[in-house]
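Novice: Let me give you the structure first, and then I'll get to my questions.
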Amino acid sequence: MKLPDYNEERKRNRETEFITVNPTINQEYLGKKYFIRTYGCQMNVHDSEEIAGILENLGFIETDSEENADIIILNTCAVRENAHDKVFGFLGRCKHIKETKNKDLLICLCGCMAQEKSVVDEIMSKHKYIDLVFGTHNIHELPNILMNLEPGLNIEVKSNEDNVYEVGENFKRDSKISAWVNIMYGCDKFCTYCIVPYTRGKERSRKSSDILKEVRKLKELGYKEVTLLGQNVNAYGRDREDEISFAELLEEVAKIGIERVRFVTSHPWNFTDEMIDTIAKYDNIMPYIHLPLQSGSDRILKLMGRRYTQEEYLELFKKIKSKVKNAAITTDIIVGFPNETEEDFEETLKVVNECKYDGAFTFIYSPREGTPAAKMQDNIIKEVKEERLQRLNKLVNEYSNMNNKKLLDKTVDVLITGVSEKDPNKLCGYTDTFKLVNVSSGKRTIGEIIKVKITDAKSFSLDGIAE
Ligand code: 5AD
Ligand code: SF4
């Protein structure tokens, strides 16, 4: 058993090792079925692709029904409290299946919640029907962990793993059109509200040579889009003396010639001019930037440990808008951080009014145990938090609607990714600025970039007709 340890997770002093993993078929698992449910960010989605790849290399096959599974994996998120309830709700369902249908069912919980001490304590005392808890740093050990499972609850959660694992082609990617590519792991920013530096460990960059090899391979396989992933991509390469910068990496990726290159997420701190120039220079680097604001108030930004002021943020925002043609910018905002006054909140609204974002993910602050903010008194009452969120959402939606309306009657390039969820007779896809479009088309053009004339614009999507 290895339990999470917050003191270990804070440490940042060990050397990174690069390790290649290559799981192989195990007769014991041949034909057994796995089911994965994923919560949270793109990083988790991509981790699930990796877990699926490992399981398939071991001999498992995928099922889309938890009822038929031999092993269920819940890949969880710890960023906000509400994810917790959803996960335990689904675990209750898994328990029922195990008790009534399949007593040999293996129930596994992994991802960021597995790195939380309080969650592991809760599982040990109340959820002993779970077979395995493994952490974000233990994914690559899964073949070994599964081989050595003991009866009852097994817990394998490393704290602060420093290594970078190469899994080569062992991903089972969800899409044949658009692929995630990890460029770095972990985060060293330690924003005071955020659990990620504890659940995902220190910043470690992959070797640029390995990243470029992966992107070249994806191009050969016919992928149209890659999204470079990191908690804070601007920090790419800064943990290693011999590495190139993020701007240089982005340029090298663009030169490979894949049609669309994206990246998430950038911290406004250390967003260099070189990065902006590179984005502006290459047509295949998409003019879409997610630039989390979190708060517009200098006082709250300081309490959050964000390392920029409102003025610095706005200066960066304007620089990006002026240099990158037609750039769309989205953001993340938290309301109700400890001690946030009405005046602080109004500063946030002021920034939203200036930036007129294309979209924003908005959140009510939730204290995460073990973070510095969790020691501050969570002193904004629920009604006030909810009222601020509503006011903010109203404003944010007005601006996304306004920005979307600017595209009315225009013809835009859309990468068609599948069939529309709203209407099975339509296709759907994304503009270069990452706006979702539902497309009427006589032809099946999934995987192609096509010209679409925009006929209707709402806050969260556009409608259009293929030309
Ligand atoms: N409470 C509320 N929102 C949070 N986020 C991160 N931590 C918290 C928290 N404790 C939000 C931030 C971040 C996004 C991924 O989640 O806005 O950018
Ligand atoms: Fe969390 Fe801040 Fe790191 Fe983003 S930059 S993952 S908000 S600590």
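How things are named: the first chain in the structure tokens is A, the next is B, and so on; residues count from 1 in each chain; ligands count from 1 in the order shown.
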How close does each residue of chain A get to ligand 2, giving the shortest atom pair and distance in Å to one decimal for every residue with an atom at most 7 Å away, counting only C-alpha atoms and all ligand atoms, sorted by chain and residue number, as a Markdown table?

Specialist:
```
| residue | atom | partner | partner_atom_place_in_ligand_line | distance |
| --- | --- | --- | --- | --- |
| A:Cys187 | CA | ligand 2 | 3 (Fe) | 4.8 |
| A:Asp188 | CA | ligand 2 | 3 (Fe) | 6.3 |
| A:Lys189 | CA | ligand 2 | 8 (S) | 4.7 |
| A:Phe190 | CA | ligand 2 | 8 (S) | 4.1 |
| A:Cys191 | CA | ligand 2 | 8 (S) | 4.2 |
| A:Cys194 | CA | ligand 2 | 1 (Fe) | 4.5 |
| A:Ile195 | CA | ligand 2 | 1 (Fe) | 6.4 |
| A:Val196 | CA | ligand 2 | 6 (S) | 5.1 |
| A:Pro197 | CA | ligand 2 | 8 (S) | 5.7 |
| A:Gln231 | CA | ligand 2 | 6 (S) | 5.0 |
| A:Asn232 | CA | ligand 2 | 5 (S) | 5.7 |
| A:His267 | CA | ligand 2 | 5 (S) | 6.0 |
```

Novice: Kindly export the residues of the current selection with C-alpha atoms, as a PDB file, in the first residue's frame.

Specialist:
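This went into part_18.pdb:
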```
ATOM      1  CA  CYS A 187       2.597  22.538 -12.229  1.00  0.00           C
ATOM      2  CA  ASP A 188       4.888  24.666 -10.065  1.00  0.00           C
ATOM      3  CA  LYS A 189       2.729  27.793  -9.937  1.00  0.00           C
ATOM      4  CA  PHE A 190       1.012  26.916  -6.665  1.00  0.00           C
ATOM      5  CA  CYS A 191      -1.926  29.315  -7.095  1.00  0.00           C
ATOM      6  CA  CYS A 194      -5.428  25.078  -6.629  1.00  0.00           C
ATOM      7  CA  ILE A 195      -4.888  21.400  -5.862  1.00  0.00           C
ATOM      8  CA  VAL A 196      -3.122  20.571  -9.141  1.00  0.00           C
ATOM      9  CA  PRO A 197       0.506  21.131  -8.000  1.00  0.00           C
ATOM     10  CA  GLN A 231      -1.168  22.795 -16.995  1.00  0.00           C
ATOM     11  CA  ASN A 232       0.887  25.797 -17.966  1.00  0.00           C
ATOM     12  CA  HIS A 267      -0.801  31.269 -17.654  1.00  0.00           C
TER      13      HIS A 267
END
```

Novice: Do you have, as a Markdown table, the list of residues of chain A lying at most 8 Å from ligand 1, each with its nearest atom pair and that distance in Å to one decimal, counting only C-alpha atoms and all ligand atoms and ordered by chain then number?

Specialist:
```
| residue | atom | partner | partner_atom_place_in_ligand_line | distance |
| --- | --- | --- | --- | --- |
| A:Cys41 | CA | ligand 1 | 15 (C) | 7.3 |
| A:Val79 | CA | ligand 1 | 7 (N) | 4.9 |
| A:Arg80 | CA | ligand 1 | 9 (C) | 5.2 |
| A:Glu81 | CA | ligand 1 | 1 (N) | 7.7 |
| A:Tyr193 | CA | ligand 1 | 10 (N) | 4.6 |
| A:Cys194 | CA | ligand 1 | 7 (N) | 4.3 |
| A:Ile195 | CA | ligand 1 | 7 (N) | 6.5 |
| A:Val196 | CA | ligand 1 | 7 (N) | 7.9 |
| A:Pro292 | CA | ligand 1 | 18 (O) | 5.7 |
| A:Leu293 | CA | ligand 1 | 17 (O) | 7.8 |
| A:Gln294 | CA | ligand 1 | 17 (O) | 5.5 |
| A:Thr331 | CA | ligand 1 | 18 (O) | 7.9 |
| A:Asp332 | CA | ligand 1 | 17 (O) | 4.5 |
| A:Ile333 | CA | ligand 1 | 17 (O) | 5.0 |
| A:Ile334 | CA | ligand 1 | 17 (O) | 5.3 |
| A:Val335 | CA | ligand 1 | 2 (C) | 7.8 |
| A:Phe337 | CA | ligand 1 | 1 (N) | 7.9 |
| A:Phe361 | CA | ligand 1 | 17 (O) | 7.2 |
| A:Thr362 | CA | ligand 1 | 17 (O) | 6.9 |
| A:Phe363 | CA | ligand 1 | 3 (N) | 5.1 |
| A:Ile364 | CA | ligand 1 | 2 (C) | 5.3 |
| A:Tyr365 | CA | ligand 1 | 2 (C) | 3.7 |
| A:Ser366 | CA | ligand 1 | 1 (N) | 4.0 |
| A:Pro367 | CA | ligand 1 | 10 (N) | 5.1 |
| A:Arg368 | CA | ligand 1 | 10 (N) | 5.4 |
```

Novice: CA of Ala235 in chain A and CA of Ile54 in chain A are how many Å apart?

Specialist: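 Separation of CA of Ala235 in chain A and CA of Ile54 in chain A: 28.5 Å.
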
Novice: Can you check which residues of range 251-355 of chain A DSSP gives as helix (DSSP H, G or I) on the backbone and send them as JSON, numbers by chain?

Specialist: {"A": [251, 252, 253, 254, 255, 256, 273, 274, 275, 276, 277, 278, 279, 280, 281, 298, 299, 300, 301, 302, 303, 304, 310, 311, 312, 313, 314, 315, 316, 317, 318, 319, 320, 321, 322, 323, 342, 343, 344, 345, 346, 347, 348, 349, 350, 351, 352, 353, 354, 355]}

Novice: Can you tell me, as a ChimeraX atom specification, what residues are no more than 9 Å from Cys112 in chain A when counting only C-alpha atoms, ignoring any on the same chain fewer than 4 positions away?

Specialist: /A:44,75-79,116,135-136,195-196,198-200

Novice: How about saving the chosen residues, all heavy atoms kept, as an mmCIF file, in the first residue's frame?

Specialist:
```cif
data_model
loop_
_atom_site.group_PDB
_atom_site.id
_atom_site.type_symbol
_atom_site.label_atom_id
_atom_site.label_comp_id
_atom_site.auth_asym_id
_atom_site.auth_seq_id
_atom_site.Cartn_x
_atom_site.Cartn_y
_atom_site.Cartn_z
ATOM 1 N N ASN A 44 -6.950 14.767 -18.094
ATOM 2 C CA ASN A 44 -7.575 13.519 -17.647
ATOM 3 C C ASN A 44 -8.101 12.709 -18.824
ATOM 4 O O ASN A 44 -7.987 11.488 -18.848
ATOM 5 C CB ASN A 44 -8.733 13.819 -16.686
ATOM 6 C CG ASN A 44 -8.274 13.790 -15.246
ATOM 7 O OD1 ASN A 44 -7.091 13.832 -14.971
ATOM 8 N ND2 ASN A 44 -9.216 13.715 -14.330
ATOM 9 N N ASN A 75 -11.700 7.713 -13.716
ATOM 10 C CA ASN A 75 -10.574 8.657 -13.728
ATOM 11 C C ASN A 75 -11.118 10.011 -13.264
ATOM 12 O O ASN A 75 -11.918 10.635 -13.944
ATOM 13 C CB ASN A 75 -9.988 8.727 -15.141
ATOM 14 C CG ASN A 75 -8.703 9.502 -15.175
ATOM 15 O OD1 ASN A 75 -8.214 9.950 -14.134
ATOM 16 N ND2 ASN A 75 -8.145 9.676 -16.349
ATOM 17 N N THR A 76 -10.681 10.461 -12.102
ATOM 18 C CA THR A 76 -11.394 11.526 -11.386
ATOM 19 C C THR A 76 -10.667 12.873 -11.372
ATOM 20 O O THR A 76 -9.468 12.952 -11.621
ATOM 21 C CB THR A 76 -11.592 11.098 -9.921
ATOM 22 O OG1 THR A 76 -10.293 10.952 -9.336
ATOM 23 C CG2 THR A 76 -12.353 9.805 -9.823
ATOM 24 N N CYS A 77 -11.433 13.910 -11.005
ATOM 25 C CA CYS A 77 -10.924 15.281 -10.953
ATOM 26 C C CYS A 77 -11.083 15.816 -9.527
ATOM 27 O O CYS A 77 -12.086 15.544 -8.879
ATOM 28 C CB CYS A 77 -11.752 16.124 -11.915
ATOM 29 S SG CYS A 77 -11.506 17.884 -11.758
ATOM 30 N N ALA A 78 -10.106 16.592 -9.068
ATOM 31 C CA ALA A 78 -10.172 17.106 -7.694
ATOM 32 C C ALA A 78 -10.225 18.620 -7.645
ATOM 33 O O ALA A 78 -10.144 19.220 -6.579
ATOM 34 C CB ALA A 78 -8.941 16.615 -6.928
ATOM 35 N N VAL A 79 -10.365 19.250 -8.835
ATOM 36 C CA VAL A 79 -10.214 20.703 -8.890
ATOM 37 C C VAL A 79 -11.289 21.431 -8.099
ATOM 38 O O VAL A 79 -11.035 22.411 -7.431
ATOM 39 C CB VAL A 79 -10.155 21.189 -10.358
ATOM 40 C CG1 VAL A 79 -10.348 22.680 -10.470
ATOM 41 C CG2 VAL A 79 -8.811 20.828 -10.939
ATOM 42 N N GLU A 116 -5.707 12.666 -3.303
ATOM 43 C CA GLU A 116 -6.155 13.449 -2.143
ATOM 44 C C GLU A 116 -6.242 12.557 -0.912
ATOM 45 O O GLU A 116 -6.960 11.556 -0.909
ATOM 46 C CB GLU A 116 -7.554 14.021 -2.409
ATOM 47 C CG GLU A 116 -7.579 15.196 -3.325
ATOM 48 C CD GLU A 116 -8.993 15.769 -3.381
ATOM 49 O OE1 GLU A 116 -9.854 15.172 -4.030
ATOM 50 O OE2 GLU A 116 -9.228 16.813 -2.758
ATOM 51 N N GLY A 135 -2.798 6.425 -8.300
ATOM 52 C CA GLY A 135 -2.644 7.868 -8.457
ATOM 53 C C GLY A 135 -2.284 8.290 -9.871
ATOM 54 O O GLY A 135 -2.066 7.448 -10.750
ATOM 55 N N THR A 136 -2.209 9.596 -10.075
ATOM 56 C CA THR A 136 -1.838 10.130 -11.398
ATOM 57 C C THR A 136 -0.417 9.705 -11.786
ATOM 58 O O THR A 136 -0.081 9.669 -12.958
ATOM 59 C CB THR A 136 -1.892 11.666 -11.418
ATOM 60 O OG1 THR A 136 -1.059 12.150 -10.364
ATOM 61 C CG2 THR A 136 -3.283 12.212 -11.195
ATOM 62 N N ILE A 195 -5.375 22.689 -6.363
ATOM 63 C CA ILE A 195 -4.888 21.400 -5.862
ATOM 64 C C ILE A 195 -3.895 20.737 -6.837
ATOM 65 O O ILE A 195 -3.161 19.824 -6.478
ATOM 66 C CB ILE A 195 -6.112 20.474 -5.579
ATOM 67 C CG1 ILE A 195 -5.761 19.254 -4.726
ATOM 68 C CG2 ILE A 195 -6.812 20.029 -6.839
ATOM 69 C CD1 ILE A 195 -5.594 19.540 -3.286
ATOM 70 N N VAL A 196 -3.879 21.254 -8.088
ATOM 71 C CA VAL A 196 -3.122 20.571 -9.141
ATOM 72 C C VAL A 196 -1.629 20.367 -8.826
ATOM 73 O O VAL A 196 -1.087 19.284 -9.053
ATOM 74 C CB VAL A 196 -3.327 21.289 -10.505
ATOM 75 C CG1 VAL A 196 -2.366 20.783 -11.568
ATOM 76 C CG2 VAL A 196 -4.758 21.096 -10.972
ATOM 77 N N TYR A 198 -0.295 19.658 -6.233
ATOM 78 C CA TYR A 198 -0.183 18.543 -5.278
ATOM 79 C C TYR A 198 -0.584 17.223 -5.919
ATOM 80 O O TYR A 198 -0.017 16.183 -5.610
ATOM 81 C CB TYR A 198 -1.061 18.812 -4.043
ATOM 82 C CG TYR A 198 -0.813 20.178 -3.451
ATOM 83 C CD1 TYR A 198 -1.554 21.275 -3.865
ATOM 84 C CD2 TYR A 198 0.202 20.379 -2.510
ATOM 85 C CE1 TYR A 198 -1.307 22.538 -3.346
ATOM 86 C CE2 TYR A 198 0.448 21.639 -1.991
ATOM 87 C CZ TYR A 198 -0.310 22.718 -2.418
ATOM 88 O OH TYR A 198 -0.067 23.970 -1.919
ATOM 89 N N THR A 199 -1.603 17.258 -6.800
ATOM 90 C CA THR A 199 -2.073 15.987 -7.371
ATOM 91 C C THR A 199 -1.256 15.566 -8.592
ATOM 92 O O THR A 199 -1.218 14.393 -8.928
ATOM 93 C CB THR A 199 -3.555 16.062 -7.805
ATOM 94 O OG1 THR A 199 -3.707 17.088 -8.774
ATOM 95 C CG2 THR A 199 -4.458 16.350 -6.618
ATOM 96 N N ARG A 200 -0.622 16.534 -9.251
ATOM 97 C CA ARG A 200 0.108 16.180 -10.477
ATOM 98 C C ARG A 200 1.613 16.400 -10.388
ATOM 99 O O ARG A 200 2.338 16.175 -11.354
ATOM 100 C CB ARG A 200 -0.480 16.928 -11.667
ATOM 101 C CG ARG A 200 -1.889 16.450 -11.987
ATOM 102 C CD ARG A 200 -2.212 16.567 -13.439
ATOM 103 N NE ARG A 200 -3.438 15.883 -13.768
ATOM 104 C CZ ARG A 200 -3.482 14.720 -14.423
ATOM 105 N NH1 ARG A 200 -2.390 14.130 -14.811
ATOM 106 N NH2 ARG A 200 -4.632 14.158 -14.693
#
```

Novice: Just the number, please: distance in Å from CA of Cys428 in chain A to CA of Gly53 in chain A, one decimal.

Specialist: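 These two atoms are separated by 26.8 Å.
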
Novice: Select, from A:Thr348, A:Thr265, A:Thr272, A:Asn403, the residue with the minimum atom-to-atom distance to Gly296 in chain A, counting only C-alpha atoms.

Specialist: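 So, comparing all the options, the nearest one is A:Thr348.
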
Novice: To test your reading of the structure, identify every residue in range 119-154 of chain A that backbone DSSP assigns to strand (DSSP E or B), and report it as a PyMOL selection string.

Specialist: chain A and resi 132-134+154

Novice: Please identify all polymer residues within 10 Å of Glu28 in chain A, counting only C-alpha atoms, omitting same-chain residues fewer than 6 positions from it, and present them as a ChimeraX atom specification.

Specialist: /A:58-60,147

Novice: Using N, CA, C and O atoms, can you write the selected residues to a file as a PDB file, in the first residue's frame?

Specialist:
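Full text of part-v1.pdb as output:
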```
ATOM      1  N   LEU A  58      -2.559  -5.123 -22.812  1.00  0.00           N
ATOM      2  CA  LEU A  58      -2.544  -6.277 -21.909  1.00  0.00           C
ATOM      3  C   LEU A  58      -3.530  -7.352 -22.362  1.00  0.00           C
ATOM      4  O   LEU A  58      -3.491  -8.476 -21.862  1.00  0.00           O
ATOM      5  N   GLY A  59      -4.457  -6.983 -23.276  1.00  0.00           N
ATOM      6  CA  GLY A  59      -5.413  -7.981 -23.786  1.00  0.00           C
ATOM      7  C   GLY A  59      -6.868  -7.640 -23.516  1.00  0.00           C
ATOM      8  O   GLY A  59      -7.764  -8.331 -23.989  1.00  0.00           O
ATOM      9  N   PHE A  60      -7.145  -6.601 -22.754  1.00  0.00           N
ATOM     10  CA  PHE A  60      -8.536  -6.216 -22.470  1.00  0.00           C
ATOM     11  C   PHE A  60      -9.188  -5.636 -23.724  1.00  0.00           C
ATOM     12  O   PHE A  60      -8.498  -5.097 -24.590  1.00  0.00           O
ATOM     13  N   MET A 147      -1.294  -7.143 -11.839  1.00  0.00           N
ATOM     14  CA  MET A 147      -0.745  -8.500 -11.643  1.00  0.00           C
ATOM     15  C   MET A 147      -0.672  -8.866 -10.170  1.00  0.00           C
ATOM     16  O   MET A 147      -0.792 -10.022  -9.796  1.00  0.00           O
TER      17      MET A 147
END
```

Novice: Would you list the contacts of Met43 in chain A as an MDAnalysis selection string, taking every protein, DNA or RNA residue within 10 Å and counting only C-alpha atoms, but skipping same-chain residues closer than 5 positions in sequence?

Specialist: chainID A and resid 48:49 111 180:182 185 229:231 264

Novice: So which residues touch Met1 in chain A within 9 Å, counting only C-alpha atoms, skipping near sequence neighbours fewer than 2 positions away, as number ranges by chain?

Specialist: A: 3, 154-157

Novice: Save out the residues we just selected, C-alpha atoms, as a PDB file, in the first residue's frame.

Specialist:
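What follows is the written file selection03.pdb:
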```
ATOM      1  CA  LEU A   3      -0.866   6.389   0.517  1.00  0.00           C
ATOM      2  CA  ASN A 154      -5.361  -1.969  -2.771  1.00  0.00           C
ATOM      3  CA  ILE A 155      -3.951   1.550  -2.660  1.00  0.00           C
ATOM      4  CA  GLU A 156      -1.022   2.546  -4.874  1.00  0.00           C
ATOM      5  CA  VAL A 157      -0.628   6.309  -4.777  1.00  0.00           C
TER       6      VAL A 157
END
```

Novice: For CA of Ala374 in chain A and CA of His84 in chain A, determine how far apart the two atoms are, in Å to one decimal place.

Specialist: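 Those two atoms sit 16.7 Å apart.
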
Novice: Name the residues in contact with Ile285 in chain A at a cut-off of 12 Å, using only C-alpha atoms, excluding same-chain residues fewer than 4 positions from it; report them as an NGL selection string.

Specialist: :A and (225-228 or 247 or 249-263 or 275-281 or 289 or 324-325 or 327 or 432-434)
